[in-house]
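> One file: data.txt (compact mmCIF, C-alpha atoms).
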```txt
# COMPACT_ATOMS: atom_id res chain seq x y z
CA MET E 1 2.87 20.95 -12.95
CA SER E 2 1.82 24.34 -14.33
CA PHE E 3 2.98 27.63 -12.79
CA LEU E 4 -0.59 28.34 -11.66
CA ARG E 5 -0.88 24.99 -9.90
CA GLN E 6 2.52 25.44 -8.24
CA PHE E 7 1.52 28.91 -7.07
CA SER E 8 -1.81 27.64 -5.72
CA LYS E 9 -0.10 24.80 -3.87
CA ARG E 10 2.41 27.16 -2.25
CA LEU E 11 -0.30 29.61 -1.30
CA LEU E 12 -2.47 26.93 0.30
CA THR E 13 0.49 25.45 2.15
CA ALA E 14 1.44 28.86 3.52
CA CYS E 15 -2.11 29.61 4.67
CA LEU E 16 -3.19 26.24 6.05
CA PRO E 17 -2.04 24.30 9.13
CA PRO E 18 -0.12 21.06 8.46
CA GLN E 19 -3.08 19.06 9.83
CA ARG E 20 -4.92 20.12 6.67
CA LEU E 21 -2.17 20.20 4.03
CA LEU E 22 1.38 19.02 4.60
CA THR E 23 4.32 19.49 2.27
CA ARG E 24 6.94 20.24 4.91
CA GLY E 25 6.80 20.18 8.69
CA GLY E 26 7.53 23.19 10.86
CA ARG E 27 10.86 23.88 12.44
CA SER E 28 11.96 21.65 15.29
CA ALA E 29 12.49 23.06 18.74
CA ALA E 30 15.95 24.44 19.47
CA HIS E 31 16.85 21.50 21.71
CA GLU E 32 15.70 18.89 19.15
CA ARG E 33 17.38 17.39 16.12
CA PRO E 34 15.88 18.64 12.86
CA ARG E 35 13.29 16.19 11.59
CA LEU E 36 12.47 14.58 8.28
CA ALA E 37 9.70 12.21 7.24
CA LEU E 38 10.44 9.26 4.97
CA THR E 39 7.36 8.22 3.00
CA PHE E 40 6.78 5.33 0.63
CA ASP E 41 3.99 5.12 -1.94
CA ASP E 42 2.26 2.47 -4.06
CA GLY E 43 2.88 -0.64 -1.95
CA PRO E 44 2.76 -3.04 -0.42
CA HIS E 45 4.86 -5.05 -2.85
CA PRO E 46 5.54 -8.72 -2.05
CA ILE E 47 9.30 -8.44 -2.72
CA HIS E 48 10.38 -4.82 -2.37
CA THR E 49 8.38 -3.90 0.73
CA PRO E 50 9.81 -6.71 2.92
CA GLN E 51 13.33 -5.79 1.79
CA LEU E 52 12.70 -2.17 2.66
CA LEU E 53 11.24 -3.10 6.05
CA ASP E 54 14.34 -5.17 6.79
CA VAL E 55 16.56 -2.15 6.09
CA LEU E 56 14.38 0.19 8.15
CA ARG E 57 14.52 -2.23 11.06
CA SER E 58 18.30 -2.63 10.88
CA THR E 59 18.83 1.14 10.74
CA HIS E 60 16.22 1.90 13.46
CA VAL E 61 14.34 4.27 11.16
CA CYS E 62 10.57 4.84 11.20
CA ALA E 63 8.56 5.82 8.14
CA THR E 64 5.09 6.29 6.68
CA PHE E 65 3.69 3.93 4.04
CA PHE E 66 0.95 5.28 1.78
CA VAL E 67 -0.61 2.03 0.66
CA VAL E 68 -2.89 1.16 -2.24
CA GLY E 69 -5.97 -0.65 -0.97
CA LYS E 70 -6.16 -3.39 -3.58
CA ASP E 71 -2.53 -4.33 -2.90
CA ALA E 72 -3.04 -4.16 0.84
CA GLU E 73 -5.91 -6.60 0.42
CA GLN E 74 -3.59 -9.00 -1.40
CA HIS E 75 -0.81 -8.72 1.21
CA PRO E 76 -2.44 -8.23 4.63
CA ASP E 77 0.54 -9.69 6.51
CA LEU E 78 2.75 -6.91 5.14
CA ILE E 79 0.28 -4.30 6.35
CA ARG E 80 0.32 -5.84 9.81
CA ARG E 81 4.12 -6.02 9.76
CA ILE E 82 4.40 -2.33 8.84
CA VAL E 83 2.35 -1.38 11.90
CA LYS E 84 3.95 -3.95 14.20
CA GLU E 85 7.41 -2.57 13.44
CA GLY E 86 6.42 0.94 14.43
CA HIS E 87 5.69 2.53 11.08
CA GLU E 88 2.65 4.52 10.08
CA LEU E 89 0.07 3.76 7.42
CA GLY E 90 -1.43 6.33 5.08
CA ASN E 91 -4.23 6.04 2.53
CA HIS E 92 -3.28 6.14 -1.18
CA THR E 93 -6.73 5.20 -2.57
CA TRP E 94 -7.89 1.75 -3.58
CA SER E 95 -6.68 1.47 -7.17
CA HIS E 96 -4.36 4.47 -7.74
CA SER E 97 -6.53 5.56 -10.66
CA GLU E 98 -5.58 8.43 -12.95
CA PRO E 99 -6.63 11.64 -11.13
CA SER E 100 -7.96 13.42 -14.21
CA GLN E 101 -10.22 10.46 -14.96
CA THR E 102 -11.51 9.93 -11.41
CA SER E 103 -14.61 11.77 -10.24
CA PRO E 104 -14.75 13.19 -6.70
CA GLN E 105 -17.40 10.63 -5.79
CA HIS E 106 -15.31 7.69 -7.00
CA PHE E 107 -12.18 9.13 -5.39
CA LEU E 108 -13.90 9.39 -2.00
CA GLU E 109 -15.37 5.89 -2.37
CA GLU E 110 -11.87 4.51 -2.96
CA THR E 111 -10.55 6.42 0.04
CA ARG E 112 -13.31 5.09 2.32
CA ARG E 113 -12.84 1.54 1.04
CA THR E 114 -9.13 1.66 1.82
CA ASP E 115 -9.79 3.15 5.26
CA SER E 116 -12.24 0.34 5.99
CA LEU E 117 -9.73 -2.34 5.00
CA LEU E 118 -6.90 -0.81 7.03
CA GLN E 119 -9.15 -0.52 10.06
CA GLU E 120 -10.10 -4.18 9.67
CA LEU E 121 -6.43 -5.22 9.43
CA THR E 122 -4.92 -2.95 12.07
CA GLY E 123 -7.74 -1.57 14.23
CA THR E 124 -7.13 2.05 13.22
CA ILE E 125 -7.99 4.40 10.36
CA PRO E 126 -5.09 6.47 9.00
CA THR E 127 -5.45 10.23 9.22
CA ALA E 128 -2.94 10.90 6.46
CA MET E 129 -4.04 10.62 2.84
CA ARG E 130 -1.88 11.09 -0.25
CA PRO E 131 -3.72 11.41 -3.57
CA PRO E 132 -2.21 9.63 -6.58
CA LYS E 133 0.42 11.86 -8.21
CA GLY E 134 -0.36 14.42 -5.52
CA GLU E 135 -3.15 15.77 -7.72
CA LEU E 136 -6.43 17.08 -6.31
CA ASN E 137 -9.12 19.49 -7.34
CA TRP E 138 -10.92 21.73 -4.85
CA THR E 139 -13.91 19.39 -4.49
CA LYS E 140 -11.75 16.38 -3.63
CA LEU E 141 -9.64 18.44 -1.26
CA THR E 142 -12.54 19.85 0.73
CA ARG E 143 -14.26 16.48 0.97
CA LEU E 144 -11.10 14.97 2.42
CA TRP E 145 -11.01 17.75 5.00
CA ARG E 146 -14.60 16.95 5.95
CA GLN E 147 -13.33 13.46 6.78
CA GLN E 148 -10.64 15.03 9.00
CA LYS E 149 -7.86 13.89 6.68
CA THR E 150 -4.41 15.38 6.44
CA VAL E 151 -3.54 15.71 2.76
CA ALA E 152 0.13 14.77 2.82
CA LEU E 153 2.28 15.79 -0.13
CA TRP E 154 6.08 16.11 -0.13
CA SER E 155 9.00 18.51 -0.39
CA ALA E 156 11.71 16.24 -1.84
CA ASP E 157 11.24 13.79 -4.71
CA PRO E 158 14.11 11.78 -6.24
CA ARG E 159 11.70 10.44 -8.90
CA ASP E 160 12.79 6.92 -8.08
CA TYR E 161 9.99 5.52 -10.24
CA LYS E 162 12.02 6.67 -13.24
CA MET E 163 15.33 5.21 -12.05
CA THR E 164 16.86 2.21 -13.77
CA SER E 165 19.77 1.30 -11.48
CA PHE E 166 20.90 1.23 -7.86
CA GLU E 167 23.75 3.57 -8.84
CA GLU E 168 21.23 6.31 -9.68
CA MET E 169 19.69 6.06 -6.25
CA ARG E 170 23.06 5.95 -4.49
CA ALA E 171 24.11 9.09 -6.36
CA TRP E 172 20.94 10.96 -5.37
CA SER E 173 21.08 9.79 -1.76
CA SER E 174 24.76 10.75 -1.47
CA MET E 175 24.10 14.30 -2.67
CA PHE E 176 20.74 15.03 -1.04
CA LEU E 177 20.86 17.81 1.58
CA PRO E 178 17.67 17.82 3.68
CA ALA E 179 16.02 20.77 5.36
CA ASP E 180 14.28 20.61 8.71
CA GLY E 181 10.77 19.21 8.24
CA ASP E 182 11.34 17.75 4.78
CA VAL E 183 8.93 15.08 3.56
CA LEU E 184 10.72 12.67 1.23
CA LEU E 185 8.81 10.74 -1.42
CA PHE E 186 9.89 7.20 -2.38
CA HIS E 187 8.06 4.19 -3.80
CA ASP E 188 8.21 0.69 -2.36
CA ASN E 189 6.85 -0.97 -5.50
CA HIS E 190 10.34 -0.41 -6.98
CA PRO E 191 13.64 -1.81 -5.65
CA TRP E 192 15.51 1.47 -5.09
CA ALA E 193 14.07 2.79 -1.80
CA ALA E 194 16.01 0.41 0.44
CA THR E 195 19.23 1.59 -1.21
CA ALA E 196 18.32 5.19 -0.41
CA ILE E 197 17.89 4.38 3.29
CA GLU E 198 21.15 2.42 3.44
CA THR E 199 23.08 5.21 1.70
CA MET E 200 21.69 7.98 3.91
CA PHE E 201 22.34 5.85 6.99
CA ARG E 202 25.99 5.34 6.00
CA ARG E 203 26.32 9.11 5.48
CA GLY E 204 25.28 9.59 9.10
CA LEU E 205 22.23 11.53 7.99
CA PHE E 206 19.99 9.92 10.58
CA GLU E 207 22.34 11.01 13.35
CA LYS E 208 21.88 14.64 12.28
CA TYR E 209 18.19 14.38 11.37
CA GLN E 210 15.50 12.49 13.25
CA PRO E 211 13.31 10.34 10.96
CA VAL E 212 9.67 10.69 12.02
CA THR E 213 6.26 9.73 10.73
CA VAL E 214 3.88 12.12 9.01
CA SER E 215 1.64 12.23 12.08
CA VAL E 216 4.56 13.45 14.18
CA LEU E 217 5.08 16.36 11.79
CA THR E 218 1.40 17.19 12.10
CA ARG E 219 1.04 15.98 15.70
CA ARG E 220 -1.93 13.81 14.86
CA LYS E 221 -2.83 10.23 15.78
CA ALA E 222 -4.67 7.55 13.83
CA ILE E 223 -8.39 7.18 14.48
CA ALA E 224 -9.34 4.16 16.56
```
Could you spell out this file's structure in structure tokens?

Amino acid sequence: MSFLRQFSKRLLTACLPPQRLLTRGGRSAAHERPRLALTFDDGPHPIHTPQLLDVLRSTHVCATFFVVGKDAEQHPDLIRRIVKEGHELGNHTWSHSEPSQTSPQHFLEETRRTDSLLQELTGTIPTAMRPPKGELNWTKLTRLWRQQKTVALWSADPRDYKMTSFEEMRAWSSMFLPADGDVLLFHDNHPWAATAIETMFRRGLFEKYQPVTVSVLTRRKAIA
């Protein structure tokens, strides 16, 4: 990401409420545990997503899944399971196409198509939307806002999509020091995310920090 794009992102984040653009949530109240949001992109995957859900259930951790529409269509039972087990769904477009090669019109069509499918499967439309690679131009951004979407980015990224072993993820998860309101980016179309949750759980991280969904950080609810 260029310096100019980084500067623009920071400026927008500083000026806009989290309901519009989220990279990190605000500070928790003094009487509350600091919060962090665990998010998972690019699923559902028929093998890795169920394994991750098993770990989340056993550790009593809630999360947000930014799902790709075409994969959600192939695995509707996983989408229903995600919601049934108390997690949140977010929109990650229909095909996860390359941002630089996707027109605003096509991008919005993919977003609407995914919303429609998720409403059909779960009865609600997600308010949170994460663009592929976190890349947006001004036209795409403003059109999402017209649809009352929260554009949800992240503040911590282990780059698990580049990892090649469980040891890499254990090392990152053992060293990671969160800040209040952090939004963590993982991917459930790879096998490493479940290891991250298990490692952080064993560290006692979820006793010090409260895992919450993206909508809790922005205090928004899905659209019925």
> Give me, please, the distance in Å between CA of Pro99 (chain E) and CA of Pro131 (chain E), quoted to one decimal.
8.1 Å
> Could you check how far CA of His96 (chain E) sits from CA of Pro76 (chain E), in Å to one decimal?
17.8 Å
> Closest to Lys140 (chain E) among E:Ala179, E:Leu108, E:Leu53, E:Ala37, using all atoms listed in the file?
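Smallest distance to Lys140 (chain E) is found for E:Leu108.
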> Can you pull out every residue within 12 Å of Leu121 (chain E), counting only C-alpha atoms, but drop anything in the same chain fewer than 4 positions away, and send it as JSON, numbers by chain?
{"E": [69, 72, 73, 74, 75, 76, 77, 78, 79, 80, 81, 82, 83, 84, 89, 114, 115, 116, 117, 125, 126]}
> List the spatial neighbours of Asp160 (chain E) as a list in words - criterion: any atom at most 10 Å away, only C-alpha atoms, same-chain residues fewer than 6 positions off excluded.
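Result of the neighbour search: Phe166, Glu168, Met169, Trp172, Leu185, Phe186, His187, Asp188, His190, Pro191, Trp192, Ala193 and Ala196 of chain E.
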> With C-alpha atoms retained, write the just-selected residues as an mmCIF file, in the frame of the given file.

```cif
data_model
loop_
_atom_site.group_PDB
_atom_site.id
_atom_site.type_symbol
_atom_site.label_atom_id
_atom_site.label_comp_id
_atom_site.auth_asym_id
_atom_site.auth_seq_id
_atom_site.Cartn_x
_atom_site.Cartn_y
_atom_site.Cartn_z
ATOM 1 C CA PHE E 166 20.900 1.230 -7.860
ATOM 2 C CA GLU E 168 21.230 6.310 -9.680
ATOM 3 C CA MET E 169 19.690 6.060 -6.250
ATOM 4 C CA TRP E 172 20.940 10.960 -5.370
ATOM 5 C CA LEU E 185 8.810 10.740 -1.420
ATOM 6 C CA PHE E 186 9.890 7.200 -2.380
ATOM 7 C CA HIS E 187 8.060 4.190 -3.800
ATOM 8 C CA ASP E 188 8.210 0.690 -2.360
ATOM 9 C CA HIS E 190 10.340 -0.410 -6.980
ATOM 10 C CA PRO E 191 13.640 -1.810 -5.650
ATOM 11 C CA TRP E 192 15.510 1.470 -5.090
ATOM 12 C CA ALA E 193 14.070 2.790 -1.800
ATOM 13 C CA ALA E 196 18.320 5.190 -0.410
#
```
> Please measure the separation of CA of Ser28 (chain E) and CA of Thr150 (chain E), giving the value in Å to one decimal.
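So the two atoms, CA of Ser28 (chain E) and CA of Thr150 (chain E), lie 19.6 Å apart.
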> Which is closer to Met200 (chain E) than all the others in E:Arg170, E:Lys70, E:Arg143, E:Arg219, using only C-alpha atoms?
E:Arg170
> Would you list the contacts of Ser95 (chain E) as a PDB file with C-alpha atoms, in the coordinates of the input, taking every protein, DNA or RNA residue within 10 Å and counting all atoms listed in the file, but skipping same-chain residues closer than 3 positions in sequence?

```pdb
ATOM      1  CA  ASP E  42       2.260   2.470  -4.060  1.00  0.00           C
ATOM      2  CA  VAL E  67      -0.610   2.030   0.660  1.00  0.00           C
ATOM      3  CA  VAL E  68      -2.890   1.160  -2.240  1.00  0.00           C
ATOM      4  CA  GLY E  69      -5.970  -0.650  -0.970  1.00  0.00           C
ATOM      5  CA  LYS E  70      -6.160  -3.390  -3.580  1.00  0.00           C
ATOM      6  CA  ASP E  71      -2.530  -4.330  -2.900  1.00  0.00           C
ATOM      7  CA  HIS E  92      -3.280   6.140  -1.180  1.00  0.00           C
ATOM      8  CA  GLU E  98      -5.580   8.430 -12.950  1.00  0.00           C
ATOM      9  CA  PHE E 107     -12.180   9.130  -5.390  1.00  0.00           C
ATOM     10  CA  GLU E 110     -11.870   4.510  -2.960  1.00  0.00           C
ATOM     11  CA  THR E 111     -10.550   6.420   0.040  1.00  0.00           C
ATOM     12  CA  THR E 114      -9.130   1.660   1.820  1.00  0.00           C
ATOM     13  CA  PRO E 132      -2.210   9.630  -6.580  1.00  0.00           C
TER      14      PRO E 132
END
```
> Please identify all polymer residues within 9 Å of region 20-23 of chain E, counting all atoms listed in the file, omitting same-chain residues fewer than 2 positions from it, and present them as a ChimeraX atom specification.
/E:12-13,16-18,25,145,148-155,181-183,214,217-218
> Find the residue from E:Ser174, E:Phe201, E:Ser215, E:Pro34 that sits nearest to Ala63 (chain E); use all atoms listed in the file when measuring.
E:Ser215
> Name the residues in contact with Phe66 (chain E) at a cut-off of 8 Å, using all atoms listed in the file, excluding same-chain residues fewer than 3 positions from it; report them as a ChimeraX atom specification.
/E:39-43,89-92,129-130
> Next, the residues of the selection above should be written as a PDB file, keeping the file's coordinate frame with C-alpha atoms.

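Produced file result_34.pdb, reproduced below:
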```pdb
ATOM      1  CA  THR E  39       7.360   8.220   3.000  1.00  0.00           C
ATOM      2  CA  PHE E  40       6.780   5.330   0.630  1.00  0.00           C
ATOM      3  CA  ASP E  41       3.990   5.120  -1.940  1.00  0.00           C
ATOM      4  CA  ASP E  42       2.260   2.470  -4.060  1.00  0.00           C
ATOM      5  CA  GLY E  43       2.880  -0.640  -1.950  1.00  0.00           C
ATOM      6  CA  LEU E  89       0.070   3.760   7.420  1.00  0.00           C
ATOM      7  CA  GLY E  90      -1.430   6.330   5.080  1.00  0.00           C
ATOM      8  CA  ASN E  91      -4.230   6.040   2.530  1.00  0.00           C
ATOM      9  CA  HIS E  92      -3.280   6.140  -1.180  1.00  0.00           C
ATOM     10  CA  MET E 129      -4.040  10.620   2.840  1.00  0.00           C
ATOM     11  CA  ARG E 130      -1.880  11.090  -0.250  1.00  0.00           C
TER      12      ARG E 130
END
```
> Anything within 6 Å of (3.7, 6.1, 9.2): list those residues as a VMD selection string, counting all atoms listed in the file and sticking to the file's coordinates.
chain E and resid 63 to 65 87 to 89 213
> Reconstruct N, CA and C atoms of region 148-163 of chain E from the incomplete input and present them as a short mmCIF file (atom, residue, chain, number, x, y, z; two decimals), in the frame of the given file.

```
data_model
loop_
_atom_site.label_atom_id
_atom_site.label_comp_id
_atom_site.auth_asym_id
_atom_site.auth_seq_id
_atom_site.Cartn_x
_atom_site.Cartn_y
_atom_site.Cartn_z
N GLN E 148 -11.73 14.79 8.06
CA GLN E 148 -10.64 15.03 9.00
C GLN E 148 -9.32 14.42 8.54
N LYS E 149 -9.10 14.43 7.23
CA LYS E 149 -7.86 13.89 6.68
C LYS E 149 -6.79 14.98 6.58
N THR E 150 -5.55 14.56 6.79
CA THR E 150 -4.41 15.38 6.44
C THR E 150 -4.00 15.01 5.02
N VAL E 151 -4.01 15.95 4.12
CA VAL E 151 -3.54 15.71 2.76
C VAL E 151 -2.02 15.88 2.78
N ALA E 152 -1.32 14.78 2.64
CA ALA E 152 0.13 14.77 2.82
C ALA E 152 0.83 14.69 1.47
N LEU E 153 1.51 15.76 1.11
CA LEU E 153 2.28 15.79 -0.13
C LEU E 153 3.75 15.61 0.22
N TRP E 154 4.65 16.35 -0.38
CA TRP E 154 6.08 16.11 -0.13
C TRP E 154 6.86 17.35 -0.52
N SER E 155 8.11 17.40 -0.05
CA SER E 155 9.00 18.51 -0.39
C SER E 155 10.24 18.07 -1.13
N ALA E 156 10.53 16.76 -1.15
CA ALA E 156 11.71 16.24 -1.84
C ALA E 156 11.32 14.96 -2.58
N ASP E 157 11.65 14.91 -3.86
CA ASP E 157 11.24 13.79 -4.71
C ASP E 157 12.39 13.38 -5.63
N PRO E 158 13.03 12.23 -5.36
CA PRO E 158 14.11 11.78 -6.24
C PRO E 158 13.62 11.18 -7.55
N ARG E 159 12.30 11.07 -7.70
CA ARG E 159 11.70 10.44 -8.90
C ARG E 159 12.26 9.03 -9.11
N ASP E 160 12.23 8.27 -8.02
CA ASP E 160 12.79 6.92 -8.08
C ASP E 160 12.02 6.00 -9.02
N TYR E 161 10.76 6.34 -9.32
CA TYR E 161 9.99 5.52 -10.24
C TYR E 161 10.53 5.60 -11.67
N LYS E 162 11.40 6.56 -11.92
CA LYS E 162 12.02 6.67 -13.24
C LYS E 162 13.43 6.10 -13.27
N MET E 163 13.95 5.70 -12.12
CA MET E 163 15.33 5.21 -12.05
C MET E 163 15.44 3.81 -12.65
#
```
